[in-house]
Each structure stands twice: as structure tokens, then as C-alpha cells.
file protein-v5.pdb (PDB, C-alpha atoms)
ATOM      1  CA  MET Z   1     117.287 134.701 -39.638
ATOM      2  CA  ALA Z   2     118.280 138.143 -38.389
ATOM      3  CA  SER Z   3     121.461 136.780 -36.872
ATOM      4  CA  GLU Z   4     122.379 134.942 -40.112
ATOM      5  CA  SER Z   5     121.890 138.098 -42.244
ATOM      6  CA  ARG Z   6     124.079 140.107 -39.898
ATOM      7  CA  ALA Z   7     126.822 137.513 -40.131
ATOM      8  CA  ALA Z   8     126.732 137.607 -43.930
ATOM      9  CA  VAL Z   9     127.536 141.329 -44.036
ATOM     10  CA  PRO Z  10     131.335 141.935 -44.134
ATOM     11  CA  ARG Z  11     132.653 143.856 -41.180
ATOM     12  CA  TRP Z  12     135.204 146.649 -41.798
ATOM     13  CA  ARG Z  13     137.892 146.846 -39.173
ATOM     14  CA  PRO Z  14     139.584 150.123 -38.296
ATOM     15  CA  ILE Z  15     143.247 150.479 -39.212
ATOM     16  CA  HIS Z  16     145.508 149.816 -36.296
ATOM     17  CA  VAL Z  17     147.098 153.247 -35.901
ATOM     18  CA  GLY Z  18     149.750 151.995 -33.557
ATOM     19  CA  ARG Z  19     151.090 149.671 -36.225
ATOM     20  CA  TRP Z  20     151.667 152.526 -38.650
ATOM     21  CA  ARG Z  21     153.334 154.541 -35.935
ATOM     22  CA  ARG Z  22     155.814 151.775 -35.432
ATOM     23  CA  LEU Z  23     156.523 151.641 -39.185
ATOM     24  CA  TRP Z  24     156.988 155.400 -39.416
ATOM     25  CA  ARG Z  25     158.413 156.497 -36.121
ATOM     26  CA  TRP Z  26     160.215 159.777 -35.753
ATOM     27  CA  GLY Z  27     161.040 159.037 -32.132
ATOM     28  CA  LYS Z  28     163.866 156.827 -30.935
ATOM     29  CA  ASP Z  29     164.983 153.860 -33.015
ATOM     30  CA  ALA Z  30     165.928 150.391 -31.792
ATOM     31  CA  LYS Z  31     169.284 151.714 -30.596
ATOM     32  CA  GLY Z  32     167.679 154.541 -28.706
ATOM     33  CA  ARG Z  33     168.712 157.289 -31.150
ATOM     34  CA  SER Z  34     166.315 160.170 -31.796
ATOM     35  CA  SER Z  35     165.448 161.488 -35.274
ATOM     36  CA  TRP Z  36     167.959 164.289 -34.687
ATOM     37  CA  ALA Z  37     170.771 161.851 -33.921
ATOM     38  CA  ARG Z  38     170.179 159.745 -37.039
ATOM     39  CA  GLY Z  39     171.300 160.492 -40.585
ATOM     40  CA  ARG Z  40     174.552 162.299 -39.885
ATOM     41  CA  VAL Z  41     176.197 160.662 -42.890
ATOM     42  CA  LEU Z  42     173.356 161.899 -45.117
ATOM     43  CA  ALA Z  43     173.709 165.370 -43.634
ATOM     44  CA  SER Z  44     177.451 165.283 -44.395
ATOM     45  CA  LEU Z  45     176.716 164.298 -48.007
ATOM     46  CA  ALA Z  46     174.307 167.230 -48.282
ATOM     47  CA  VAL Z  47     177.019 169.615 -47.072
ATOM     48  CA  LEU Z  48     179.558 168.064 -49.490
ATOM     49  CA  THR Z  49     177.154 168.465 -52.424
ATOM     50  CA  SER Z  50     176.588 172.104 -51.491
ATOM     51  CA  GLY Z  51     180.312 172.744 -51.320
ATOM     52  CA  LEU Z  52     181.005 171.152 -54.692
ATOM     53  CA  MET Z  53     178.348 173.301 -56.360
ATOM     54  CA  ALA Z  54     179.189 176.568 -54.640
ATOM     55  CA  PHE Z  55     182.993 176.218 -54.701
ATOM     56  CA  HIS Z  56     183.596 174.090 -57.802
ATOM     57  CA  ALA Z  57     186.365 176.462 -58.893
ATOM     58  CA  ILE Z  58     188.624 175.334 -56.030
ATOM     59  CA  VAL Z  59     188.400 171.631 -56.920
ATOM     60  CA  PRO Z  60     191.941 170.920 -58.188
ATOM     61  CA  ASN Z  61     192.584 170.062 -61.815
ATOM     62  CA  ALA Z  62     196.077 168.714 -61.187
ATOM     63  CA  VAL Z  63     194.894 165.115 -60.834
ATOM     64  CA  GLY Z  64     192.853 163.818 -63.748
ATOM     65  CA  HIS Z  65     191.288 167.230 -64.484
ATOM     66  CA  LEU Z  66     188.636 166.443 -61.878
ATOM     67  CA  GLY Z  67     187.676 170.098 -61.622
ATOM     68  CA  SER Z  68     186.852 170.290 -65.322
ATOM     69  CA  LEU Z  69     184.916 167.026 -65.148
ATOM     70  CA  LEU Z  70     182.833 168.381 -62.266
ATOM     71  CA  GLU Z  71     182.150 171.663 -64.065
ATOM     72  CA  ALA Z  72     181.137 169.917 -67.279
ATOM     73  CA  PHE Z  73     178.124 168.396 -65.505
ATOM     74  CA  LEU Z  74     177.622 170.919 -62.687
ATOM     75  CA  PRO Z  75     173.803 171.332 -62.969
ATOM     76  CA  TRP Z  76     173.324 167.586 -62.562
ATOM     77  CA  LEU Z  77     174.638 167.714 -58.989
ATOM     78  CA  GLY Z  78     171.131 168.884 -58.163
ATOM     79  CA  LEU Z  79     169.941 165.304 -58.612
ATOM     80  CA  ALA Z  80     171.633 164.509 -55.308
ATOM     81  CA  VAL Z  81     168.890 166.459 -53.518
ATOM     82  CA  PRO Z  82     165.907 164.174 -54.335
ATOM     83  CA  VAL Z  83     168.081 161.085 -53.823
ATOM     84  CA  LEU Z  84     169.187 162.251 -50.379
ATOM     85  CA  LEU Z  85     165.613 163.301 -49.614
ATOM     86  CA  VAL Z  86     164.325 159.775 -50.197
ATOM     87  CA  LEU Z  87     167.138 158.329 -48.077
ATOM     88  CA  ALA Z  88     166.438 160.834 -45.299
ATOM     89  CA  LEU Z  89     162.761 159.888 -45.239
ATOM     90  CA  LEU Z  90     163.596 156.199 -45.159
ATOM     91  CA  ARG Z  91     166.094 156.863 -42.398
ATOM     92  CA  ARG Z  92     163.527 159.036 -40.631
ATOM     93  CA  SER Z  93     166.214 161.612 -39.981
ATOM     94  CA  ALA Z  94     165.184 165.147 -39.082
ATOM     95  CA  THR Z  95     168.845 166.213 -39.185
ATOM     96  CA  ALA Z  96     169.314 165.088 -42.780
ATOM     97  CA  LEU Z  97     166.105 166.815 -43.862
ATOM     98  CA  VAL Z  98     167.231 170.118 -42.389
ATOM     99  CA  PHE Z  99     170.700 169.911 -43.953
ATOM    100  CA  LEU Z 100     169.142 169.125 -47.348
ATOM    101  CA  LEU Z 101     167.884 172.689 -47.463
ATOM    102  CA  LEU Z 102     171.490 173.785 -48.062
ATOM    103  CA  PRO Z 103     172.170 172.047 -51.447
ATOM    104  CA  ALA Z 104     168.615 172.841 -52.542
ATOM    105  CA  ALA Z 105     169.215 176.529 -51.885
ATOM    106  CA  VAL Z 106     172.618 176.540 -53.620
ATOM    107  CA  TRP Z 107     171.242 174.816 -56.718
ATOM    108  CA  ALA Z 108     168.262 177.182 -56.828
ATOM    109  CA  ASN Z 109     170.613 180.157 -56.595
ATOM    110  CA  LEU Z 110     172.809 178.890 -59.437
ATOM    111  CA  PHE Z 111     170.250 177.402 -61.794
ATOM    112  CA  GLY Z 112     166.750 177.957 -60.462
ATOM    113  CA  ALA Z 113     166.083 181.042 -62.561
ATOM    114  CA  LEU Z 114     166.601 178.968 -65.709
ATOM    115  CA  LEU Z 115     163.415 177.055 -64.943
ATOM    116  CA  LEU Z 116     161.311 180.217 -64.971
ATOM    117  CA  PRO Z 117     159.889 181.746 -68.147
ATOM    118  CA  GLY Z 118     161.606 185.006 -68.881
ATOM    119  CA  ASP Z 119     161.871 187.796 -71.399
ATOM    120  CA  ARG Z 120     164.758 187.020 -73.734
ATOM    121  CA  GLY Z 121     164.838 190.626 -74.908
ATOM    122  CA  ALA Z 122     164.984 192.166 -78.354
ATOM    123  CA  HIS Z 123     167.736 191.096 -80.712
ATOM    124  CA  ASP Z 124     169.104 192.269 -84.037
ATOM    125  CA  ILE Z 125     170.141 188.979 -85.618
ATOM    126  CA  THR Z 126     169.850 185.247 -84.996
ATOM    127  CA  ALA Z 127     172.785 182.856 -85.219
ATOM    128  CA  VAL Z 128     172.653 179.063 -85.394
ATOM    129  CA  GLN Z 129     175.405 176.681 -84.340
ATOM    130  CA  HIS Z 130     175.353 172.986 -85.249
ATOM    131  CA  ASN Z 131     177.785 170.103 -85.279
ATOM    132  CA  VAL Z 132     176.125 168.252 -88.155
ATOM    133  CA  SER Z 133     178.112 165.019 -87.543
ATOM    134  CA  ASP Z 134     180.276 163.361 -90.150
ATOM    135  CA  GLU Z 135     177.860 160.401 -90.038
ATOM    136  CA  ASN Z 136     174.756 162.472 -90.823
ATOM    137  CA  THR Z 137     172.799 160.725 -93.597
ATOM    138  CA  ALA Z 138     170.206 163.498 -94.033
ATOM    139  CA  PRO Z 139     172.042 166.773 -94.769
ATOM    140  CA  VAL Z 140     169.163 168.259 -96.763
ATOM    141  CA  GLY Z 141     166.722 167.618 -93.913
ATOM    142  CA  THR Z 142     169.273 169.108 -91.520
ATOM    143  CA  VAL Z 143     169.414 172.294 -93.577
ATOM    144  CA  GLU Z 144     165.625 172.563 -93.600
ATOM    145  CA  ALA Z 145     165.540 172.323 -89.799
ATOM    146  CA  LEU Z 146     168.149 175.083 -89.450
ATOM    147  CA  ILE Z 147     166.529 177.476 -91.910
ATOM    148  CA  LYS Z 148     163.243 177.363 -89.986
ATOM    149  CA  ALA Z 149     164.941 179.380 -87.234
ATOM    150  CA  ALA Z 150     165.479 182.200 -89.802
ATOM    151  CA  PRO Z 151     169.081 182.898 -88.779
ATOM    152  CA  GLU Z 152     171.380 185.404 -90.462
ATOM    153  CA  LEU Z 153     174.445 183.298 -89.608
ATOM    154  CA  ILE Z 154     174.849 179.510 -89.610
ATOM    155  CA  ALA Z 155     177.975 177.738 -88.372
ATOM    156  CA  LEU Z 156     178.509 174.054 -89.147
ATOM    157  CA  GLU Z 157     181.150 171.567 -88.004
ATOM    158  CA  GLU Z 158     182.194 168.046 -89.057
ATOM    159  CA  LEU Z 159     181.686 168.808 -92.714
ATOM    160  CA  THR Z 160     182.843 165.965 -94.952
ATOM    161  CA  PRO Z 161     183.695 166.444 -98.662
ATOM    162  CA  PRO Z 162     180.699 164.393 -99.920
ATOM    163  CA  ALA Z 163     178.216 166.164 -97.640
ATOM    164  CA  LEU Z 164     179.677 169.638 -98.169
ATOM    165  CA  ALA Z 165     178.374 169.859-101.741
ATOM    166  CA  LEU Z 166     174.873 169.007-100.500
ATOM    167  CA  TYR Z 167     175.003 171.637 -97.765
ATOM    168  CA  GLU Z 168     176.258 174.264-100.187
ATOM    169  CA  LYS Z 169     173.487 173.531-102.687
ATOM    170  CA  ALA Z 170     170.711 173.466-100.068
ATOM    171  CA  LEU Z 171     171.835 176.652 -98.308
ATOM    172  CA  ALA Z 172     172.734 178.714-101.410
ATOM    173  CA  PRO Z 173     169.224 180.155-102.100
ATOM    174  CA  ASP Z 174     168.954 181.742 -98.637
ATOM    175  CA  TYR Z 175     172.627 182.229 -97.788
ATOM    176  CA  PRO Z 176     174.558 183.579-100.785
ATOM    177  CA  TYR Z 177     177.793 184.035 -98.834
ATOM    178  CA  HIS Z 178     179.742 181.220 -97.250
ATOM    179  CA  ALA Z 179     183.252 180.176 -96.270
ATOM    180  CA  VAL Z 180     184.698 176.759 -95.480
ATOM    181  CA  GLU Z 181     188.025 175.863 -93.901
ATOM    182  CA  GLY Z 182     188.732 172.194 -93.303
ATOM    183  CA  THR Z 183     185.712 170.678 -91.553
ATOM    184  CA  VAL Z 184     184.048 173.924 -90.395
ATOM    185  CA  GLY Z 185     181.932 176.341 -92.376
ATOM    186  CA  LEU Z 186     180.020 179.620 -92.106
ATOM    187  CA  TRP Z 187     176.933 180.599 -94.109
ATOM    188  CA  SER Z 188     175.776 184.206 -94.029
ATOM    189  CA  LYS Z 189     173.138 186.560 -95.358
ATOM    190  CA  TYR Z 190     175.803 189.284 -95.197
ATOM    191  CA  PRO Z 191     178.894 189.563 -97.405
ATOM    192  CA  LEU Z 192     182.010 187.950 -95.974
ATOM    193  CA  ALA Z 193     185.513 189.376 -96.258
ATOM    194  CA  ASP Z 194     188.998 188.585 -95.006
ATOM    195  CA  VAL Z 195     188.259 184.879 -94.667
ATOM    196  CA  ARG Z 196     191.156 182.880 -93.308
ATOM    197  CA  GLN Z 197     192.035 179.668 -91.576
ATOM    198  CA  LEU Z 198     192.236 179.878 -87.808
ATOM    199  CA  ASP Z 199     195.117 177.855 -86.392
ATOM    200  CA  ILE Z 200     193.888 176.189 -83.202
ATOM    201  CA  LYS Z 201     195.625 172.843 -83.764
ATOM    202  CA  PRO Z 202     197.394 171.428 -80.672
ATOM    203  CA  LYS Z 203     200.980 170.305 -81.201
ATOM    204  CA  GLY Z 204     200.257 166.611 -80.717
ATOM    205  CA  ILE Z 205     197.683 166.363 -83.518
ATOM    206  CA  GLU Z 206     198.781 165.325 -87.000
ATOM    207  CA  GLU Z 207     198.950 167.745 -89.928
ATOM    208  CA  GLY Z 208     195.782 168.299 -91.928
ATOM    209  CA  TRP Z 209     193.644 168.875 -88.831
ATOM    210  CA  ASN Z 210     191.786 172.101 -89.542
ATOM    211  CA  ARG Z 211     188.834 173.101 -87.391
ATOM    212  CA  GLY Z 212     188.788 176.869 -87.302
ATOM    213  CA  LEU Z 213     187.990 179.852 -89.498
ATOM    214  CA  ARG Z 214     187.706 183.583 -89.121
ATOM    215  CA  ALA Z 215     185.725 185.920 -91.375
ATOM    216  CA  ALA Z 216     184.459 189.496 -91.305
ATOM    217  CA  ALA Z 217     180.708 189.853 -91.882
ATOM    218  CA  ARG Z 218     179.670 193.201 -93.376
ATOM    219  CA  THR Z 219     176.440 193.923 -91.534
ATOM    220  CA  PRO Z 220     174.260 197.046 -91.103
ATOM    221  CA  TRP Z 221     176.002 197.401 -87.718
ATOM    222  CA  GLY Z 222     179.435 197.474 -89.295
ATOM    223  CA  GLU Z 223     182.024 194.745 -89.794
ATOM    224  CA  ILE Z 224     181.845 191.935 -87.280
ATOM    225  CA  ALA Z 225     184.495 189.274 -86.801
ATOM    226  CA  VAL Z 226     182.885 185.833 -86.913
ATOM    227  CA  TYR Z 227     184.779 182.791 -85.647
ATOM    228  CA  VAL Z 228     183.716 179.183 -86.214
ATOM    229  CA  VAL Z 229     185.592 176.504 -84.259
ATOM    230  CA  HIS Z 230     185.495 172.855 -83.291
ATOM    231  CA  LEU Z 231     187.773 172.172 -80.338
ATOM    232  CA  PRO Z 232     189.272 168.699 -79.815
ATOM    233  CA  SER Z 233     187.202 166.036 -78.105
ATOM    234  CA  VAL Z 234     187.655 165.088 -74.457
ATOM    235  CA  ARG Z 235     187.614 161.612 -72.945
ATOM    236  CA  VAL Z 236     186.739 160.215 -69.540
ATOM    237  CA  ARG Z 237     189.352 157.572 -68.776
ATOM    238  CA  LEU Z 238     190.380 155.538 -65.734
ATOM    239  CA  THR Z 239     193.098 158.124 -65.159
ATOM    240  CA  GLY Z 240     190.569 160.972 -65.124
ATOM    241  CA  PHE Z 241     189.255 163.604 -67.511
ATOM    242  CA  ASP Z 242     191.515 163.812 -70.565
ATOM    243  CA  SER Z 243     191.136 167.364 -71.903
ATOM    244  CA  GLY Z 244     194.727 168.336 -72.666
ATOM    245  CA  TRP Z 245     194.295 168.912 -76.402
ATOM    246  CA  ARG Z 246     190.994 170.721 -75.883
ATOM    247  CA  ASP Z 247     192.578 173.046 -73.317
ATOM    248  CA  GLU Z 248     195.573 173.742 -75.581
ATOM    249  CA  SER Z 249     193.257 174.539 -78.483
ATOM    250  CA  ALA Z 250     191.215 176.858 -76.250
ATOM    251  CA  GLY Z 251     194.423 178.681 -75.370
ATOM    252  CA  LEU Z 252     195.253 179.240 -79.042
ATOM    253  CA  LEU Z 253     191.717 180.455 -79.696
ATOM    254  CA  GLY Z 254     191.934 182.850 -76.765
ATOM    255  CA  THR Z 255     195.159 184.295 -78.171
ATOM    256  CA  ALA Z 256     193.539 184.826 -81.579
ATOM    257  CA  ILE Z 257     190.521 186.586 -80.078
ATOM    258  CA  ALA Z 258     192.779 188.822 -77.977
ATOM    259  CA  ALA Z 259     194.565 189.885 -81.183
ATOM    260  CA  GLU Z 260     191.319 190.526 -83.088
ATOM    261  CA  LYS Z 261     191.223 194.165 -84.241
ATOM    262  CA  LEU Z 262     187.485 194.365 -84.908
ATOM    263  CA  ASP Z 263     185.546 195.386 -81.834
ATOM    264  CA  LYS Z 264     182.498 193.146 -82.266
ATOM    265  CA  VAL Z 265     183.088 189.394 -82.301
ATOM    266  CA  ILE Z 266     180.671 186.473 -82.667
ATOM    267  CA  LEU Z 267     182.097 183.084 -81.755
ATOM    268  CA  LEU Z 268     180.261 179.891 -82.701
ATOM    269  CA  GLY Z 269     181.331 176.302 -82.319
ATOM    270  CA  ASP Z 270     181.481 172.927 -80.673
ATOM    271  CA  PHE Z 271     183.690 173.436 -77.608
ATOM    272  CA  ASN Z 272     183.334 169.926 -76.192
ATOM    273  CA  SER Z 273     182.501 171.305 -72.756
ATOM    274  CA  THR Z 274     180.298 173.772 -70.917
ATOM    275  CA  VAL Z 275     181.095 177.413 -70.266
ATOM    276  CA  ASP Z 276     181.610 176.531 -66.587
ATOM    277  CA  ASP Z 277     184.650 174.414 -67.473
ATOM    278  CA  ARG Z 278     187.805 176.257 -66.452
ATOM    279  CA  GLY Z 279     189.605 174.736 -69.447
ATOM    280  CA  LEU Z 280     187.742 177.242 -71.622
ATOM    281  CA  ALA Z 281     188.773 180.224 -69.466
ATOM    282  CA  PRO Z 282     191.199 181.621 -72.106
ATOM    283  CA  VAL Z 283     188.113 182.100 -74.307
ATOM    284  CA  THR Z 284     185.241 182.759 -71.917
ATOM    285  CA  SER Z 285     187.227 185.371 -69.975
ATOM    286  CA  GLN Z 286     187.282 187.565 -73.100
ATOM    287  CA  MET Z 287     183.663 187.146 -74.158
ATOM    288  CA  ASN Z 288     180.413 188.474 -72.740
ATOM    289  CA  PRO Z 289     178.732 185.780 -70.653
ATOM    290  CA  PRO Z 290     175.972 184.181 -72.746
ATOM    291  CA  ALA Z 291     172.420 184.261 -71.459
ATOM    292  CA  ARG Z 292     171.983 181.487 -68.893
ATOM    293  CA  ASP Z 293     169.836 178.803 -70.453
ATOM    294  CA  PHE Z 294     170.074 175.059 -70.123
ATOM    295  CA  ALA Z 295     169.619 174.396 -73.861
ATOM    296  CA  PHE Z 296     171.475 171.089 -73.568
ATOM    297  CA  SER Z 297     172.775 170.096 -77.007
ATOM    298  CA  TRP Z 298     174.508 166.745 -76.499
ATOM    299  CA  PRO Z 299     173.825 163.920 -76.972
ATOM    300  CA  ALA Z 300     170.769 164.462 -79.147
ATOM    301  CA  VAL Z 301     168.949 161.355 -77.872
ATOM    302  CA  PHE Z 302     169.093 162.457 -74.222
ATOM    303  CA  PRO Z 303     170.863 165.818 -73.882
ATOM    304  CA  VAL Z 304     172.804 166.194 -70.640
ATOM    305  CA  SER Z 305     175.149 169.067 -71.446
ATOM    306  CA  ARG Z 306     175.505 172.121 -73.687
ATOM    307  CA  ILE Z 307     178.861 171.793 -75.386
ATOM    308  CA  ASP Z 308     177.828 173.890 -78.403
ATOM    309  CA  HIS Z 309     178.065 177.626 -77.821
ATOM    310  CA  ILE Z 310     177.424 181.057 -79.269
ATOM    311  CA  MET Z 311     179.385 183.812 -77.539
ATOM    312  CA  THR Z 312     179.959 187.484 -78.259
ATOM    313  CA  ARG Z 313     182.281 190.383 -77.569
ATOM    314  CA  SER Z 314     180.893 193.933 -77.581
ATOM    315  CA  ALA Z 315     177.466 192.438 -78.287
ATOM    316  CA  THR Z 316     174.869 190.607 -76.222
ATOM    317  CA  VAL Z 317     173.413 187.111 -76.528
ATOM    318  CA  THR Z 318     169.814 187.618 -75.427
ATOM    319  CA  GLY Z 319     168.845 183.960 -75.231
ATOM    320  CA  VAL Z 320     169.856 180.468 -76.319
ATOM    321  CA  ARG Z 321     167.506 177.665 -77.333
ATOM    322  CA  THR Z 322     167.796 174.253 -78.916
ATOM    323  CA  LEU Z 323     166.246 173.412 -82.273
ATOM    324  CA  PRO Z 324     164.598 170.109 -83.251
ATOM    325  CA  ALA Z 325     166.852 167.087 -83.735
ATOM    326  CA  THR Z 326     168.476 166.452 -87.104
ATOM    327  CA  GLY Z 327     170.522 163.512 -88.321
ATOM    328  CA  SER Z 328     173.347 164.498 -85.969
ATOM    329  CA  ASP Z 329     174.277 163.332 -82.486
ATOM    330  CA  HIS Z 330     174.124 167.027 -81.459
ATOM    331  CA  LEU Z 331     171.092 169.276 -81.280
ATOM    332  CA  PRO Z 332     171.377 172.618 -83.097
ATOM    333  CA  ILE Z 333     171.260 175.738 -80.940
ATOM    334  CA  ALA Z 334     170.021 179.180 -81.900
ATOM    335  CA  ALA Z 335     170.764 182.480 -80.196
ATOM    336  CA  GLY Z 336     169.433 186.004 -80.519
ATOM    337  CA  ILE Z 337     172.200 188.605 -80.626
ATOM    338  CA  LYS Z 338     171.833 192.312 -79.925
ATOM    339  CA  LEU Z 339     174.453 194.283 -81.830
ATOM    340  CA  ALA Z 340     173.253 197.846 -81.391
ATOM    341  CA  SER Z 341     174.747 199.727 -78.451
TER     342      SER Z 341
END
call {"tool": "encode", "arguments": {"input": "protein-v5.pdb", "output": "C-alpha cells"}}
result
Amino acid sequence: MASESRAAVPRWRPIHVGRWRRLWRWGKDAKGRSSWARGRVLASLAVLTSGLMAFHAIVPNAVGHLGSLLEAFLPWLGLAVPVLLVLALLRRSATALVFLLLPAAVWANLFGALLLPGDRGAHDITAVQHNVSDENTAPVGTVEALIKAAPELIALEELTPPALALYEKALAPDYPYHAVEGTVGLWSKYPLADVRQLDIKPKGIEEGWNRGLRAAARTPWGEIAVYVVHLPSVRVRLTGFDSGWRDESAGLLGTAIAAEKLDKVILLGDFNSTVDDRGLAPVTSQMNPPARDFAFSWPAVFPVSRIDHIMTRSATVTGVRTLPATGSDHLPIAAGIKLAS
């Protein structure tokens, strides 16, 4: 009986350690290569990723605007690190793991601080920028979402004639001053003067294209030039990154800002690229760098890039954030602006 009861009890067998060592072996592989001799291709990819992030400005734009395409999605190069990490572990390569420290360090230096909570600093006014989309079926709800941010200035793009009347009616109680030129508009709590169309139309675009305005806002800090723009769209084609019209429009905008006589300038708009894109250099070179925040605004469903911007001259953007989704394919962005010296 005793022997039968002992046989009925299941026996637990120890794990064969040697078997796991064979599955995960950091020594020599079947070809006799050590963990330091394996994974050289992965190590090379890690170095390449580091170089593209750190020296993106030297990637040529002559062929297919590849430099601009890279800069438009620069933060996403960081995704190469976890991918290469998994491959290095599967390859059991000590060399690849060591070289992966390089792109991780470069990405952390460029963008790591954006992941940390920080003090955005005091600001004098708030501005909101939003491409409302010409297919937006809920303009009133869009206005309600923007007003919750309590901005003093609101810039809108892709205004259509039917929707414009709805935006004007919904914004009028809180924003008594507004100006519209073509498909862009500005709503303000401050009086607006010297409103005029801003010519940023590239030569190849047909007449009637109007996506820019300039106005002077009379604020407690003096008159401030406010620009609202919507630069031409870009396309990724088989031949490369097609941004010719956008770049030409950015050049015209840069010329207008350079000629602006008012000292303080607030620039709001849909630029169809990030501030890292060299195609926007005629503009960004004249403005104060905005506070570094991801605040991805496009596309609204799964934002991968911030192509909507609020920039300043002789003023400081203290922080940029996205607002809740509206009926647009863009997310609105809001920025605090310090105007006092």
C-alpha cells in the first residue's frame, strides 16, 4: 500500500539548466563566433541611426528632398532603438548591445527632456492654432473645445463659406474682433487694425488661392503683429518628398516677416511640417525657437507630427500643448506667450 501511494503522487523534475544554456548562449555560436564577433550589422545600423539623428542637417535635399522628409519625422527615429535591442538579444550579440547605447544617448539628448514634467513658466496671453478642416461637420462643437483653453487669440484655417458664418456666430460673444482673408481667420479679444491679405501664394498655384493674413492686435503690451498662415501641402511620392510649393511659400512668408515694422510678432498656422524641417528655415530663422514639446497635432486619430505651430519674435512661447480632438483631422494646439520684457 505504501508503495502504491508513493507512486500516485506526481514527481516534480528539476529544470534541465544545461538545456536553457544552449538556448541562450552568450559564448560561441555554431560557427565558432563569440558574442563580441556577432551582430556587426546591427551595430552598424545603430551607428547609422545615431548619425541620422545627430547630423540630419547634412542629409542632402537635392534628391527627393530626403533631408526634409527625415526632419519631418525626426523623433520617430528613436523607435529604431527598441527594435535593434530585440534583434541584438535574439542574436545574442554583446557588440550590438554596446553600440545601441549610442543612438539611445543621442535621442535622449535631443528629445529626452520632453518626457519629463517641467515648469512651463508664467505667460501673459494664450494663443490657439487650429486647422478646423474643410470637412468638419461640427463647427459649433469645435468652437466650444477651443474656448475652454481661454485664449486671447484664435487662428483658424480651412474656413469654408458655409462654416464661416457658424464660426463667426459662435465666437462673437467672447471674441468681438476678427479678421478673415480667404480660408484663414483670426479671432481676438483685442482690437485689430491694419488687417491685410498676406501674399504667400507660390507661382504655380492658380489665382484665388489665399491662405495668409496679417493684422495688428492692440494689446496692453502695445501693438503686436499677428500672422495667420496655411502653407501648401506636401506629398510623399515615389520620386521623394514633394515640398516645392511649401518651401516657396515659406520663403515668401520669411520675406514678409523680415519687412515687418512692429517689433513683436506672433505667427500662427498650419505649416505642413515640423520646425526641424529645413524648408521652413526662412521663417524659423527669424523667430524665437518655440518651447520644445512633442504636442503632435496630426493626424488627429494617431498624431505622429506637429505641423501646426505658434511662433514669436521679441516674445517667448513658454509651452505648447494639444487640446482635445474636434471634428478636424488636426488637433488644436495652445501656447502660452510671455510678452513682457
call {"tool": "closest_residue", "arguments": {"input": "protein-v5.pdb", "among": "Z:Met287, Z:Val195, Z:Leu89, Z:Ile307", "to": "Ser273 in chain Z", "atoms": "only C-alpha atoms"}}
result
Z:Ile307
call {"tool": "resolve_selection", "arguments": {"input": "protein-v5.pdb", "expression": "the PyMOL selection byres ((chain Z and resi 174) around 10)", "output": "MDAnalysis selection string"}}
result
chainID Z and resid 147 150:152 170:173 175:177 187:189
call {"tool": "residues_around", "arguments": {"input": "protein-v5.pdb", "residues": "Asp270 in chain Z", "least_positions_apart": "6", "cutoff": "7 Å", "atoms": "all atoms listed in the file", "output": "VMD selection string"}}
result
chain Z and resid 131 229 to 231 307 to 309
call {"tool": "residues_around", "arguments": {"input": "protein-v5.pdb", "residues": "Arg196 in chain Z", "least_positions_apart": "6", "cutoff": "12 Å", "atoms": "all atoms listed in the file", "output": "MDAnalysis selection string"}}
result
chainID Z and resid 179:182 184:186 210:216 225:228
call {"tool": "atom_distance", "arguments": {"input": "protein-v5.pdb", "atom1": "CA of Asn288 in chain Z", "atom2": "CA of Thr322 in chain Z"}}
result
20.0 Å
call {"tool": "resolve_selection", "arguments": {"input": "protein-v5.pdb", "expression": "the PyMOL selection byres ((chain Z and resi 282) around 12)", "output": "list in words"}}
result
Arg246, Asp247, Glu248, Ser249, Ala250, Gly251, Leu252, Leu253, Gly254, Thr255, Ala256, Ile257, Ala258, Val275, Asp277, Arg278, Gly279, Leu280, Ala281, Val283, Thr284, Ser285, Gln286 and Met287 of chain Z
call {"tool": "build_atoms", "arguments": {"input": "protein-v5.pdb", "residues": "range 321-333 of chain Z", "atoms": "N, CA and C atoms", "output": "tab-separated table (two decimals), in the frame of the given file"}}
result
chain	number	residue	atom	x	y	z
Z	321	ARG	N	168.50	178.74	-77.33
Z	321	ARG	CA	167.51	177.66	-77.33
Z	321	ARG	C	167.98	176.56	-78.26
Z	322	THR	N	167.49	175.36	-78.02
Z	322	THR	CA	167.80	174.25	-78.92
Z	322	THR	C	166.74	174.18	-80.00
Z	323	LEU	N	167.14	173.64	-81.15
Z	323	LEU	CA	166.25	173.41	-82.27
Z	323	LEU	C	165.94	171.92	-82.36
Z	324	PRO	N	164.95	171.53	-83.14
Z	324	PRO	CA	164.60	170.11	-83.25
Z	324	PRO	C	165.78	169.26	-83.74
Z	325	ALA	N	165.77	168.01	-83.37
Z	325	ALA	CA	166.85	167.09	-83.74
Z	325	ALA	C	166.96	166.93	-85.24
Z	326	THR	N	168.19	166.72	-85.69
Z	326	THR	CA	168.48	166.45	-87.10
Z	326	THR	C	169.08	165.05	-87.18
Z	327	GLY	N	169.85	164.81	-88.21
Z	327	GLY	CA	170.52	163.51	-88.32
Z	327	GLY	C	171.84	163.45	-87.58
Z	328	SER	N	172.09	164.42	-86.72
Z	328	SER	CA	173.35	164.50	-85.97
Z	328	SER	C	173.18	163.97	-84.55
Z	329	ASP	N	174.31	163.71	-83.90
Z	329	ASP	CA	174.28	163.33	-82.49
Z	329	ASP	C	174.28	164.56	-81.58
Z	330	HIS	N	174.28	165.77	-82.18
Z	330	HIS	CA	174.12	167.03	-81.46
Z	330	HIS	C	172.79	167.65	-81.84
Z	331	LEU	N	172.23	168.44	-80.93
Z	331	LEU	CA	171.09	169.28	-81.28
Z	331	LEU	C	171.61	170.63	-81.74
Z	332	PRO	N	170.98	171.26	-82.73
Z	332	PRO	CA	171.38	172.62	-83.10
Z	332	PRO	C	170.95	173.58	-81.99
Z	333	ILE	N	171.68	174.67	-81.85
Z	333	ILE	CA	171.26	175.74	-80.94
Z	333	ILE	C	171.14	177.03	-81.73
